$ cat my_file32.cif   # mmCIF, C-alpha atoms and all ligand atoms
data_my_file
loop_
_atom_site.group_PDB
_atom_site.id
_atom_site.type_symbol
_atom_site.label_atom_id
_atom_site.label_comp_id
_atom_site.auth_asym_id
_atom_site.auth_seq_id
_atom_site.Cartn_x
_atom_site.Cartn_y
_atom_site.Cartn_z
ATOM 1 C CA MET A 1 0.000 0.000 0.000
ATOM 2 C CA VAL A 2 1.331 3.453 -0.919
ATOM 3 C CA GLN A 3 1.864 5.670 2.130
ATOM 4 C CA PRO A 4 -0.569 8.630 1.891
ATOM 5 C CA LYS A 5 1.048 12.059 1.735
ATOM 6 C CA LEU A 6 0.732 14.304 4.773
ATOM 7 C CA THR A 7 -0.231 17.825 3.688
ATOM 8 C CA GLN A 8 0.699 20.954 5.626
ATOM 9 C CA ALA A 9 -2.996 21.559 6.422
ATOM 10 C CA ASP A 10 -3.488 18.071 7.938
ATOM 11 C CA TYR A 11 -0.159 18.314 9.765
ATOM 12 C CA SER A 12 -1.344 21.595 11.352
ATOM 13 C CA LYS A 13 -4.595 19.969 12.507
ATOM 14 C CA ILE A 14 -2.740 16.990 13.996
ATOM 15 C CA SER A 15 -0.140 19.214 15.688
ATOM 16 C CA GLN A 16 -2.885 21.338 17.210
ATOM 17 C CA LEU A 17 -4.667 18.307 18.626
ATOM 18 C CA VAL A 18 -1.424 16.878 20.022
ATOM 19 C CA TYR A 19 -0.686 20.227 21.656
ATOM 20 C CA GLN A 20 -4.190 20.582 23.125
ATOM 21 C CA HIS A 21 -4.018 17.143 24.702
ATOM 22 C CA SER A 22 -0.411 16.803 25.808
ATOM 23 C CA ARG A 23 1.241 20.229 25.297
ATOM 24 C CA ILE A 24 3.788 18.417 23.131
ATOM 25 C CA HIS A 25 4.861 21.139 20.721
ATOM 26 C CA LEU A 26 5.662 19.564 17.365
ATOM 27 C CA GLY A 27 6.692 22.753 15.565
ATOM 28 C CA ASP A 28 7.362 22.792 11.831
ATOM 29 C CA SER A 29 10.220 20.327 11.709
ATOM 30 C CA LYS A 30 8.441 17.110 12.740
ATOM 31 C CA MET A 31 6.277 16.545 9.664
ATOM 32 C CA GLU A 32 8.295 13.565 8.447
ATOM 33 C CA LEU A 33 8.404 12.001 11.906
ATOM 34 C CA VAL A 34 4.635 12.385 12.316
ATOM 35 C CA SER A 35 3.938 10.887 8.926
ATOM 36 C CA SER A 36 6.227 7.896 9.578
ATOM 37 C CA ARG A 37 4.776 7.252 13.022
ATOM 38 C CA LEU A 38 1.127 7.552 12.023
ATOM 39 C CA GLY A 39 1.163 5.181 9.052
ATOM 40 C CA LYS A 40 0.129 2.285 11.298
ATOM 41 C CA ARG A 41 -2.802 4.233 12.747
ATOM 42 C CA LEU A 42 -4.091 5.031 9.248
ATOM 43 C CA ARG A 43 -3.812 1.366 8.214
ATOM 44 C CA GLU A 44 -5.558 0.268 11.414
ATOM 45 C CA HIS A 45 -8.576 2.428 10.544
ATOM 46 C CA GLY A 46 -8.413 1.809 6.795
ATOM 47 C CA CYS A 47 -7.932 5.544 6.155
ATOM 48 C CA SER A 48 -6.647 6.275 2.648
ATOM 49 C CA SER A 49 -5.557 9.834 3.483
ATOM 50 C CA TYR A 50 -4.542 11.971 6.457
ATOM 51 C CA THR A 51 -7.600 14.130 5.796
ATOM 52 C CA GLU A 52 -9.755 11.065 6.483
ATOM 53 C CA TYR A 53 -7.729 10.348 9.633
ATOM 54 C CA CYS A 54 -8.211 13.976 10.809
ATOM 55 C CA GLU A 55 -11.975 13.597 10.305
ATOM 56 C CA LEU A 56 -11.858 10.454 12.437
ATOM 57 C CA LEU A 57 -9.959 12.344 15.169
ATOM 58 C CA HIS A 58 -12.740 14.938 15.266
ATOM 59 C CA GLY A 59 -15.528 12.349 15.079
ATOM 60 C CA ARG A 60 -17.377 10.050 17.484
ATOM 61 C CA HIS A 61 -14.326 7.873 18.312
ATOM 62 C CA GLY A 62 -11.947 10.818 18.315
ATOM 63 C CA ALA A 63 -11.265 10.900 22.060
ATOM 64 C CA GLU A 64 -10.087 7.285 22.047
ATOM 65 C CA GLU A 65 -7.971 7.715 18.932
ATOM 66 C CA ILE A 66 -6.272 10.816 20.360
ATOM 67 C CA ASN A 67 -4.727 8.602 23.039
ATOM 68 C CA HIS A 68 -3.282 6.337 20.317
ATOM 69 C CA LEU A 69 -2.093 9.417 18.461
ATOM 70 C CA ILE A 70 -0.226 10.736 21.518
ATOM 71 C CA ASP A 71 1.166 7.252 22.101
ATOM 72 C CA ALA A 72 2.482 7.095 18.549
ATOM 73 C CA ILE A 73 3.939 10.613 18.652
ATOM 74 C CA SER A 74 5.603 10.558 22.075
ATOM 75 C CA THR A 75 9.299 9.763 22.272
ATOM 76 C CA ASN A 76 9.960 7.135 24.919
ATOM 77 C CA HIS A 77 13.747 6.919 24.710
ATOM 78 C CA THR A 78 15.231 6.137 28.129
ATOM 79 C CA PHE A 79 17.743 3.845 29.814
ATOM 80 C CA PHE A 80 18.747 2.588 33.261
ATOM 81 C CA PHE A 81 20.681 5.068 35.439
ATOM 82 C CA ARG A 82 20.489 7.750 32.734
ATOM 83 C CA GLU A 83 22.334 10.868 33.921
ATOM 84 C CA LYS A 84 24.025 8.999 36.759
ATOM 85 C CA LYS A 85 24.739 12.143 38.780
ATOM 86 C CA HIS A 86 21.052 12.436 39.713
ATOM 87 C CA PHE A 87 21.192 9.090 41.499
ATOM 88 C CA GLU A 88 24.490 9.945 43.197
ATOM 89 C CA PHE A 89 22.869 13.200 44.366
ATOM 90 C CA LEU A 90 20.132 11.225 46.129
ATOM 91 C CA GLU A 91 22.830 9.381 48.070
ATOM 92 C CA SER A 92 25.146 12.326 48.705
ATOM 93 C CA THR A 93 22.558 14.950 49.657
ATOM 94 C CA VAL A 94 18.868 14.110 49.705
ATOM 95 C CA PHE A 95 19.059 11.118 52.061
ATOM 96 C CA SER A 96 21.061 13.109 54.618
ATOM 97 C CA ASP A 97 18.532 15.996 54.445
ATOM 98 C CA PHE A 98 15.875 13.379 55.126
ATOM 99 C CA ASN A 99 17.776 12.097 58.183
ATOM 100 C CA LYS A 100 18.536 15.527 59.600
ATOM 101 C CA ASP A 101 15.388 17.558 59.017
ATOM 102 C CA PRO A 102 12.120 16.440 60.674
ATOM 103 C CA ALA A 103 10.072 18.861 58.507
ATOM 104 C CA PHE A 104 11.531 17.253 55.367
ATOM 105 C CA ARG A 105 10.872 13.757 56.773
ATOM 106 C CA ALA A 106 7.135 14.599 56.908
ATOM 107 C CA ASP A 107 5.326 11.352 57.826
ATOM 108 C CA GLY A 108 8.591 9.370 57.886
ATOM 109 C CA ARG A 109 8.264 7.770 54.448
ATOM 110 C CA PHE A 110 10.491 8.909 51.595
ATOM 111 C CA ARG A 111 8.226 9.669 48.631
ATOM 112 C CA CYS A 112 9.452 10.102 45.088
ATOM 113 C CA TRP A 113 7.562 10.716 41.832
ATOM 114 C CA SER A 114 8.884 9.738 38.414
ATOM 115 C CA ALA A 115 6.642 12.042 36.371
ATOM 116 C CA ALA A 116 7.635 10.909 32.859
ATOM 117 C CA ALA A 117 8.362 7.276 33.640
ATOM 118 C CA SER A 118 8.281 6.044 30.027
ATOM 119 C CA THR A 119 9.074 2.304 29.859
ATOM 120 C CA GLY A 120 10.238 2.166 33.484
ATOM 121 C CA GLU A 121 14.032 2.351 33.365
ATOM 122 C CA GLU A 122 14.052 5.679 35.246
ATOM 123 C CA PRO A 123 11.671 4.721 38.087
ATOM 124 C CA TYR A 124 13.389 1.342 38.584
ATOM 125 C CA SER A 125 16.791 3.057 38.742
ATOM 126 C CA ILE A 126 15.409 5.344 41.455
ATOM 127 C CA ALA A 127 13.768 2.407 43.242
ATOM 128 C CA ILE A 128 17.068 0.475 43.248
ATOM 129 C CA THR A 129 18.825 3.517 44.747
ATOM 130 C CA LEU A 130 16.148 3.797 47.449
ATOM 131 C CA ALA A 131 16.154 0.061 48.185
ATOM 132 C CA ARG A 132 19.952 -0.031 48.497
ATOM 133 C CA HIS A 133 19.792 2.867 50.941
ATOM 134 C CA ALA A 134 17.103 1.027 52.920
ATOM 135 C CA GLU A 135 19.309 -2.079 53.119
ATOM 136 C CA LYS A 136 22.072 -0.052 54.747
ATOM 137 C CA ASN A 137 19.641 1.982 56.887
ATOM 138 C CA PRO A 138 17.040 -0.252 58.488
ATOM 139 C CA GLY A 139 13.891 1.725 59.201
ATOM 140 C CA PHE A 140 14.153 3.777 55.981
ATOM 141 C CA ARG A 141 10.749 3.410 54.312
ATOM 142 C CA TRP A 142 10.053 4.570 50.784
ATOM 143 C CA SER A 143 7.418 4.578 48.084
ATOM 144 C CA MET A 144 7.239 5.757 44.492
ATOM 145 C CA GLU A 145 4.580 7.104 42.175
ATOM 146 C CA CYS A 146 5.313 6.590 38.493
ATOM 147 C CA SER A 147 3.325 8.163 35.673
ATOM 148 C CA ASP A 148 3.319 8.685 31.939
ATOM 149 C CA ILE A 149 0.857 9.776 29.264
ATOM 150 C CA SER A 150 1.686 6.812 27.002
ATOM 151 C CA SER A 151 -0.311 3.668 27.771
ATOM 152 C CA THR A 152 2.050 1.368 25.841
ATOM 153 C CA ALA A 153 5.134 2.772 27.571
ATOM 154 C CA LEU A 154 3.424 2.506 30.944
ATOM 155 C CA ALA A 155 2.354 -1.113 30.309
ATOM 156 C CA THR A 156 5.999 -2.037 29.606
ATOM 157 C CA ALA A 157 7.068 -0.176 32.732
ATOM 158 C CA GLN A 158 4.519 -1.879 34.907
ATOM 159 C CA ALA A 159 5.479 -5.341 33.629
ATOM 160 C CA GLY A 160 9.127 -4.614 34.500
ATOM 161 C CA ILE A 161 10.520 -7.156 32.019
ATOM 162 C CA TYR A 162 13.544 -6.190 29.917
ATOM 163 C CA PRO A 163 15.863 -7.879 27.425
ATOM 164 C CA GLU A 164 19.186 -8.563 29.190
ATOM 165 C CA SER A 165 20.959 -6.252 26.743
ATOM 166 C CA ARG A 166 19.103 -3.249 28.272
ATOM 167 C CA LEU A 167 21.029 -3.947 31.493
ATOM 168 C CA ASP A 168 24.476 -4.486 30.000
ATOM 169 C CA GLU A 169 25.941 -1.494 31.801
ATOM 170 C CA MET A 170 24.490 -2.388 35.194
ATOM 171 C CA PRO A 171 26.854 -3.812 37.828
ATOM 172 C CA LEU A 172 26.385 -7.556 38.257
ATOM 173 C CA ASP A 173 25.624 -7.371 41.994
ATOM 174 C CA ILE A 174 22.697 -4.974 41.352
ATOM 175 C CA LYS A 175 21.382 -7.136 38.535
ATOM 176 C CA ARG A 176 21.512 -10.223 40.756
ATOM 177 C CA ARG A 177 19.955 -8.479 43.742
ATOM 178 C CA TYR A 178 16.994 -6.780 42.015
ATOM 179 C CA PHE A 179 16.240 -8.802 38.871
ATOM 180 C CA GLN A 180 15.050 -12.329 38.211
ATOM 181 C CA ARG A 181 16.370 -14.238 35.226
ATOM 182 C CA GLY A 182 13.692 -15.513 32.831
ATOM 183 C CA VAL A 183 13.457 -19.180 31.892
ATOM 184 C CA GLY A 184 11.698 -21.016 29.055
ATOM 185 C CA SER A 185 9.922 -18.521 26.818
ATOM 186 C CA GLN A 186 11.369 -15.690 28.961
ATOM 187 C CA LEU A 187 14.983 -16.761 28.432
ATOM 188 C CA GLY A 188 17.187 -13.718 27.763
ATOM 189 C CA ARG A 189 14.912 -11.428 29.743
ATOM 190 C CA LEU A 190 15.149 -10.068 33.258
ATOM 191 C CA ARG A 191 12.247 -9.126 35.490
ATOM 192 C CA VAL A 192 12.361 -6.574 38.289
ATOM 193 C CA LYS A 193 11.813 -8.442 41.569
ATOM 194 C CA SER A 194 8.439 -8.017 43.207
ATOM 195 C CA GLU A 195 9.978 -6.641 46.431
ATOM 196 C CA LEU A 196 10.860 -3.472 44.441
ATOM 197 C CA ARG A 197 7.622 -3.354 42.494
ATOM 198 C CA ALA A 198 5.590 -3.655 45.710
ATOM 199 C CA ASN A 199 6.557 -0.080 46.654
ATOM 200 C CA MET A 200 5.667 1.413 43.273
ATOM 201 C CA GLN A 201 2.315 2.731 42.013
ATOM 202 C CA TRP A 202 1.633 3.381 38.331
ATOM 203 C CA HIS A 203 -0.613 6.035 36.819
ATOM 204 C CA LEU A 204 -1.627 6.695 33.223
ATOM 205 C CA MET A 205 -1.506 10.438 33.523
ATOM 206 C CA ASN A 206 -1.124 13.666 31.604
ATOM 207 C CA LEU A 207 1.080 16.165 33.450
ATOM 208 C CA PHE A 208 -1.364 18.878 32.307
ATOM 209 C CA GLN A 209 -4.510 17.211 33.594
ATOM 210 C CA ASP A 210 -6.703 19.141 36.046
ATOM 211 C CA SER A 211 -5.634 17.344 39.211
ATOM 212 C CA TYR A 212 -3.105 14.744 40.270
ATOM 213 C CA PRO A 213 -4.095 11.542 42.102
ATOM 214 C CA PHE A 214 -1.682 12.071 45.040
ATOM 215 C CA ASP A 215 -2.651 12.960 48.561
ATOM 216 C CA SER A 216 0.852 13.658 49.926
ATOM 217 C CA LYS A 217 3.741 15.760 48.738
ATOM 218 C CA PHE A 218 7.136 14.516 47.628
ATOM 219 C CA GLN A 219 10.749 14.768 48.787
ATOM 220 C CA VAL A 220 11.860 14.388 45.165
ATOM 221 C CA ILE A 221 10.255 14.678 41.738
ATOM 222 C CA PHE A 222 12.068 13.434 38.634
ATOM 223 C CA CYS A 223 10.597 15.129 35.553
ATOM 224 C CA ARG A 224 13.412 14.502 33.125
ATOM 225 C CA ASN A 225 13.705 14.691 29.370
ATOM 226 C CA VAL A 226 10.097 15.651 28.820
ATOM 227 C CA MET A 227 10.179 19.469 29.276
ATOM 228 C CA ILE A 228 12.045 19.702 25.937
ATOM 229 C CA TYR A 229 8.848 18.690 24.155
ATOM 230 C CA PHE A 230 6.849 21.574 25.675
ATOM 231 C CA ASP A 231 6.866 25.261 24.803
ATOM 232 C CA ARG A 232 7.979 27.897 27.331
ATOM 233 C CA PRO A 233 4.519 28.813 28.730
ATOM 234 C CA SER A 234 3.751 25.119 29.266
ATOM 235 C CA GLN A 235 7.149 24.525 30.901
ATOM 236 C CA GLU A 236 6.585 27.453 33.239
ATOM 237 C CA TRP A 237 3.100 26.280 34.157
ATOM 238 C CA LEU A 238 4.356 22.736 34.777
ATOM 239 C CA VAL A 239 7.394 23.664 36.880
ATOM 240 C CA ASN A 240 5.200 25.801 39.145
ATOM 241 C CA ARG A 241 2.671 23.001 39.407
ATOM 242 C CA LEU A 242 5.384 20.460 40.285
ATOM 243 C CA ALA A 243 6.871 22.866 42.831
ATOM 244 C CA ARG A 244 3.529 22.850 44.648
ATOM 245 C CA MET A 245 3.776 19.037 44.857
ATOM 246 C CA LEU A 246 7.125 19.221 46.689
ATOM 247 C CA LEU A 247 7.553 19.318 50.445
ATOM 248 C CA PRO A 248 9.533 22.318 51.734
ATOM 249 C CA GLY A 249 13.175 21.399 51.076
ATOM 250 C CA GLY A 250 12.110 19.023 48.253
ATOM 251 C CA TYR A 251 14.013 18.613 45.000
ATOM 252 C CA LEU A 252 12.948 18.774 41.357
ATOM 253 C CA LYS A 253 15.204 17.095 38.822
ATOM 254 C CA VAL A 254 14.945 17.844 35.136
ATOM 255 C CA GLY A 255 17.080 16.489 32.275
ATOM 256 C CA HIS A 256 20.613 17.852 31.854
ATOM 257 C CA SER A 257 19.702 19.424 28.525
ATOM 258 C CA GLU A 258 16.616 21.137 29.972
ATOM 259 C CA SER A 259 17.512 24.478 31.419
ATOM 260 C CA LEU A 260 14.796 26.297 33.338
ATOM 261 C CA SER A 261 16.543 29.613 32.750
ATOM 262 C CA GLY A 262 14.188 32.262 31.413
ATOM 263 C CA ILE A 263 11.146 30.811 33.131
ATOM 264 C CA THR A 264 9.710 32.216 36.323
ATOM 265 C CA HIS A 265 9.619 29.836 39.277
ATOM 266 C CA GLY A 266 10.286 30.048 42.991
ATOM 267 C CA LEU A 267 12.814 27.207 43.213
ATOM 268 C CA GLN A 268 16.498 27.563 44.104
ATOM 269 C CA THR A 269 19.052 26.271 41.604
ATOM 270 C CA ILE A 270 21.268 23.753 43.397
ATOM 271 C CA LEU A 271 23.160 22.217 40.480
ATOM 272 C CA PRO A 272 22.510 22.176 36.749
ATOM 273 C CA ALA A 273 19.158 20.349 36.374
ATOM 274 C CA VAL A 274 18.580 20.158 40.168
ATOM 275 C CA TYR A 275 16.172 22.657 41.791
ATOM 276 C CA ARG A 276 14.990 22.939 45.374
ATOM 277 C CA LYS A 277 11.968 24.354 47.139
ATOM 278 C CA ALA A 278 13.014 26.519 50.097
ATOM 279 C CA PRO A 279 13.095 24.529 53.356
ATOM 280 C CA LYS A 280 10.803 25.618 56.220
HETATM 281 C C1 LIG B 301 12.059 10.801 26.491
HETATM 282 S S1 LIG B 301 10.965 10.078 27.649
HETATM 283 C C2 LIG B 301 11.820 10.424 29.180
HETATM 284 C C3 LIG B 301 11.914 9.202 30.072
HETATM 285 C C4 LIG B 301 12.715 9.387 31.358
HETATM 286 N N1 LIG B 301 12.152 10.428 32.190
HETATM 287 C C5 LIG B 301 14.164 9.657 31.078
HETATM 288 O O1 LIG B 301 14.626 10.778 31.341
HETATM 289 O O2 LIG B 301 14.876 8.758 30.608
HETATM 290 C C6 LIG B 301 9.610 11.265 27.686
HETATM 291 C C7 LIG B 301 8.331 10.689 28.236
HETATM 292 O O3 LIG B 301 7.430 11.761 28.512
HETATM 293 C C8 LIG B 301 6.113 11.315 28.258
HETATM 294 N N2 LIG B 301 5.230 12.492 28.081
HETATM 295 C C9 LIG B 301 5.177 13.373 27.038
HETATM 296 N N3 LIG B 301 4.214 14.301 27.246
HETATM 297 C C10 LIG B 301 3.646 14.016 28.435
HETATM 298 C C11 LIG B 301 2.593 14.608 29.186
HETATM 299 N N4 LIG B 301 1.937 15.693 28.750
HETATM 300 N N5 LIG B 301 2.260 14.043 30.372
HETATM 301 C C12 LIG B 301 2.915 12.950 30.837
HETATM 302 N N6 LIG B 301 3.927 12.334 30.171
HETATM 303 C C13 LIG B 301 4.287 12.870 28.977
HETATM 304 C C14 LIG B 301 6.270 10.468 27.004
HETATM 305 O O4 LIG B 301 5.192 9.562 26.841
HETATM 306 C C15 LIG B 301 7.614 9.762 27.264
HETATM 307 O O5 LIG B 301 7.452 8.499 27.828
#

$ encode --input "my_file32.cif" --output "structure tokens"
Amino acid sequence: MVQPKLTQADYSKISQLVYQHSRIHLGDSKMELVSSRLGKRLREHGCSSYTEYCELLHGRHGAEEINHLIDAISTNHTFFFREKKHFEFLESTVFSDFNKDPAFRADGRFRCWSAAASTGEEPYSIAITLARHAEKNPGFRWSMECSDISSTALATAQAGIYPESRLDEMPLDIKRRYFQRGVGSQLGRLRVKSELRANMQWHLMNLFQDSYPFDSKFQVIFCRNVMIYFDRPSQEWLVNRLARMLLPGGYLKVGHSESLSGITHGLQTILPAVYRKAPK
């Protein structure tokens, strides 16, 4: 089947819808990417043109299809212990703040949110760091909330099963301690052990939705490598929203290539890509 041609007019309609629903700003340069990623959606619905697909998006089943559209458009690239310094910072600084400052300890449980969890490598890297700290510090209790707008990415994350090659860089002792080796049809795959997964909750969630399903604030929020897809007003809105979800003294971590300079927020800059809400 010949791939239908994406016209500028249809691309504009699709970009607008993507922006309205996710704040992902596609700009003018992503036309080829959009057309290559949406081919499967068009085939699935038997659409012979993008115009027909746009009509479907605005029709009766539009709301459901928009979720597939966002899924197809979103970039889920991630890997274990990406930007290693963020995990070292938990150990060097955040855990000692938690020990020293009763206001920062809140109800005594360390709470972290991975706000763009993708396929799970980021939240599991955080969970491993927290679990290792708990092994050395009996009494340290922790829990994690993990969320993403992409249902396929989140399903992979929640399953916690990865080809061994995804963990090539991980030290052997960590692999042995926190992963189970697959057998039979699962040979060549590793699964995150249930003792880690038991402390983790998963949410299919848009960062721009009206309210978040959390009733307590966080010591740390990881919102990394997702701000780059949003425009400045959306970034500013989101950073201020996330800041309100932090406990006093709490930390927000963004990706190393995501500077918050030029946007107005009340957080202190601690290191590049690490921001802090003023302690009480
Ligand atoms: C490149 S991945 C980053 C994964 C991980 N945080 C990391 O740094 O390796 C970006 C993720 O952001 C998610 N995302 C994009 N827009 C979103 C939104 N509006 N709300 C929630 N998640 C979103 C995408 O689905 C994707 O999984």

$ atom_distance --input "my_file32.cif" --atom1 "CA of Ser125 in chain A" --atom2 "CA of Val239 in chain A"
22.7 Å

$ closest_atom_pairs --input "my_file32.cif" --of "chain A" --to "ligand LIG 301 (chain B)" --cutoff "8 Å" --atoms "all atoms listed in the file" --output "JSON lines"
{"residue": "A:His21", "atom": "CA", "partner": "B:LIG301", "partner_atom": "N4", "distance": 7.3}
{"residue": "A:Ser22", "atom": "CA", "partner": "B:LIG301", "partner_atom": "N4", "distance": 3.9}
{"residue": "A:Arg23", "atom": "CA", "partner": "B:LIG301", "partner_atom": "N4", "distance": 5.7}
{"residue": "A:Ile24", "atom": "CA", "partner": "B:LIG301", "partner_atom": "N3", "distance": 5.8}
{"residue": "A:Ile70", "atom": "CA", "partner": "B:LIG301", "partner_atom": "O4", "distance": 7.7}
{"residue": "A:Asp71", "atom": "CA", "partner": "B:LIG301", "partner_atom": "O4", "distance": 6.6}
{"residue": "A:Ser74", "atom": "CA", "partner": "B:LIG301", "partner_atom": "O4", "distance": 4.9}
{"residue": "A:Thr75", "atom": "CA", "partner": "B:LIG301", "partner_atom": "C1", "distance": 5.1}
{"residue": "A:Asn76", "atom": "CA", "partner": "B:LIG301", "partner_atom": "O5", "distance": 4.1}
{"residue": "A:His77", "atom": "CA", "partner": "B:LIG301", "partner_atom": "C1", "distance": 4.6}
{"residue": "A:Thr78", "atom": "CA", "partner": "B:LIG301", "partner_atom": "O2", "distance": 3.6}
{"residue": "A:Phe79", "atom": "CA", "partner": "B:LIG301", "partner_atom": "O2", "distance": 5.7}
{"residue": "A:Phe80", "atom": "CA", "partner": "B:LIG301", "partner_atom": "O2", "distance": 7.8}
{"residue": "A:Arg82", "atom": "CA", "partner": "B:LIG301", "partner_atom": "O2", "distance": 6.1}
{"residue": "A:Ser114", "atom": "CA", "partner": "B:LIG301", "partner_atom": "N1", "distance": 7.1}
{"residue": "A:Ala115", "atom": "CA", "partner": "B:LIG301", "partner_atom": "C12", "distance": 6.7}
{"residue": "A:Ala116", "atom": "CA", "partner": "B:LIG301", "partner_atom": "O3", "distance": 4.4}
{"residue": "A:Ala117", "atom": "CA", "partner": "B:LIG301", "partner_atom": "N1", "distance": 5.1}
{"residue": "A:Ser118", "atom": "CA", "partner": "B:LIG301", "partner_atom": "O5", "distance": 3.4}
{"residue": "A:Thr119", "atom": "CA", "partner": "B:LIG301", "partner_atom": "O5", "distance": 6.7}
{"residue": "A:Gly120", "atom": "CA", "partner": "B:LIG301", "partner_atom": "C4", "distance": 7.9}
{"residue": "A:Glu121", "atom": "CA", "partner": "B:LIG301", "partner_atom": "O2", "distance": 7.0}
{"residue": "A:Glu122", "atom": "CA", "partner": "B:LIG301", "partner_atom": "C4", "distance": 5.5}
{"residue": "A:Ser147", "atom": "CA", "partner": "B:LIG301", "partner_atom": "C12", "distance": 6.8}
{"residue": "A:Asp148", "atom": "CA", "partner": "B:LIG301", "partner_atom": "N6", "distance": 4.1}
{"residue": "A:Ile149", "atom": "CA", "partner": "B:LIG301", "partner_atom": "C12", "distance": 4.1}
{"residue": "A:Ser150", "atom": "CA", "partner": "B:LIG301", "partner_atom": "O4", "distance": 4.5}
{"residue": "A:Ala153", "atom": "CA", "partner": "B:LIG301", "partner_atom": "O5", "distance": 6.2}
{"residue": "A:Leu154", "atom": "CA", "partner": "B:LIG301", "partner_atom": "O5", "distance": 7.9}
{"residue": "A:Met205", "atom": "CA", "partner": "B:LIG301", "partner_atom": "C12", "distance": 5.8}
{"residue": "A:Asn206", "atom": "CA", "partner": "B:LIG301", "partner_atom": "N5", "distance": 3.6}
{"residue": "A:Leu207", "atom": "CA", "partner": "B:LIG301", "partner_atom": "N5", "distance": 3.9}
{"residue": "A:Phe208", "atom": "CA", "partner": "B:LIG301", "partner_atom": "N4", "distance": 5.8}
{"residue": "A:Phe222", "atom": "CA", "partner": "B:LIG301", "partner_atom": "N1", "distance": 7.1}
{"residue": "A:Cys223", "atom": "CA", "partner": "B:LIG301", "partner_atom": "N1", "distance": 6.0}
{"residue": "A:Arg224", "atom": "CA", "partner": "B:LIG301", "partner_atom": "O1", "distance": 4.3}
{"residue": "A:Asn225", "atom": "CA", "partner": "B:LIG301", "partner_atom": "O1", "distance": 4.5}
{"residue": "A:Val226", "atom": "CA", "partner": "B:LIG301", "partner_atom": "C6", "distance": 4.6}
{"residue": "A:Tyr229", "atom": "CA", "partner": "B:LIG301", "partner_atom": "C9", "distance": 7.1}
{"residue": "A:Phe230", "atom": "CA", "partner": "B:LIG301", "partner_atom": "N3", "distance": 7.9}
{"residue": "A:Gly255", "atom": "CA", "partner": "B:LIG301", "partner_atom": "O1", "distance": 6.3}

$ residues_around --input "my_file32.cif" --residues "range 95-100 of chain A" --least-positions-apart "2" --cutoff "12 Å" --atoms "all atoms listed in the file" --output "VMD selection string"
chain A and resid 87 to 93 102 to 112 129 to 130 132 to 134 136 to 137 139 to 142 218 to 220 247 to 251 276 279

$ residues_around --input "my_file32.cif" --residues "Leu69 in chain A" --least-positions-apart "2" --cutoff "8 Å" --atoms "only C-alpha atoms" --output "number ranges by chain"
A: 18, 38, 41, 65-67, 71-73

$ resolve_selection --input "my_file32.cif" --expression "the PyMOL selection byres (((chain A and resi 202) around 6) and not hetatm)" --output "number ranges by chain"
A: 146-147, 201, 203

$ resolve_selection --input "my_file32.cif" --expression "the PyMOL selection byres (((chain A and resi 10) around 12) and not hetatm)" --output "list in words"
Pro4, Lys5, Leu6, Thr7, Gln8, Ala9, Tyr11, Ser12, Lys13, Ile14, Ser15, Gln16, Leu17, Met31, Val34, Ser35, Ser49, Tyr50, Thr51, Glu52, Tyr53, Cys54, Glu55 and Leu57 of chain A

$ atom_distance --input "my_file32.cif" --atom1 "CA of Gly266 in chain A" --atom2 "CA of Met144 in chain A"
24.5 Å

$ closest_residue --input "my_file32.cif" --among "A:Gly59, A:Tyr124, A:Glu258, A:Pro233" --to "Ala159 in chain A" --atoms "only C-alpha atoms"
A:Tyr124

$ atom_distance --input "my_file32.cif" --atom1 "CA of Pro272 in chain A" --atom2 "CA of Trp113 in chain A"
19.5 Å

$ closest_residue --input "my_file32.cif" --among "A:Ile126, A:Met200, A:Phe179, A:Tyr162" --to "His86 in chain A" --atoms "all atoms listed in the file"
A:Ile126

$ resolve_selection --input "my_file32.cif" --expression "the PyMOL selection byres (((chain A and resi 267) around 9) and not hetatm)" --output "PyMOL selection string"
chain A and resi 240+243+251-252+265-266+268-269+275-278

$ write_last_selection --input "my_file32.cif" --atoms "C-alpha atoms" --output "PDB file, in the coordinates of the input"
ATOM      1  CA  ASN A 240       5.200  25.801  39.145  1.00  0.00           C
ATOM      2  CA  ALA A 243       6.871  22.866  42.831  1.00  0.00           C
ATOM      3  CA  TYR A 251      14.013  18.613  45.000  1.00  0.00           C
ATOM      4  CA  LEU A 252      12.948  18.774  41.357  1.00  0.00           C
ATOM      5  CA  HIS A 265       9.619  29.836  39.277  1.00  0.00           C
ATOM      6  CA  GLY A 266      10.286  30.048  42.991  1.00  0.00           C
ATOM      7  CA  GLN A 268      16.498  27.563  44.104  1.00  0.00           C
ATOM      8  CA  THR A 269      19.052  26.271  41.604  1.00  0.00           C
ATOM      9  CA  TYR A 275      16.172  22.657  41.791  1.00  0.00           C
ATOM     10  CA  ARG A 276      14.990  22.939  45.374  1.00  0.00           C
ATOM     11  CA  LYS A 277      11.968  24.354  47.139  1.00  0.00           C
ATOM     12  CA  ALA A 278      13.014  26.519  50.097  1.00  0.00           C
TER      13      ALA A 278
END

$ decode --input "my_file32.cif" --residues "range 22-33 of chain A" --atoms "C-alpha atoms" --output "PDB file, in the first residue's frame"
ATOM      1  CA  SER A  22      -0.411  16.803  25.808  1.00  0.00           C
ATOM      2  CA  ARG A  23       1.241  20.229  25.297  1.00  0.00           C
ATOM      3  CA  ILE A  24       3.788  18.417  23.131  1.00  0.00           C
ATOM      4  CA  HIS A  25       4.861  21.139  20.721  1.00  0.00           C
ATOM      5  CA  LEU A  26       5.662  19.564  17.365  1.00  0.00           C
ATOM      6  CA  GLY A  27       6.692  22.753  15.565  1.00  0.00           C
ATOM      7  CA  ASP A  28       7.362  22.792  11.831  1.00  0.00           C
ATOM      8  CA  SER A  29      10.220  20.327  11.709  1.00  0.00           C
ATOM      9  CA  LYS A  30       8.441  17.110  12.740  1.00  0.00           C
ATOM     10  CA  MET A  31       6.277  16.545   9.664  1.00  0.00           C
ATOM     11  CA  GLU A  32       8.295  13.565   8.447  1.00  0.00           C
ATOM     12  CA  LEU A  33       8.404  12.001  11.906  1.00  0.00           C
TER      13      LEU A  33
END
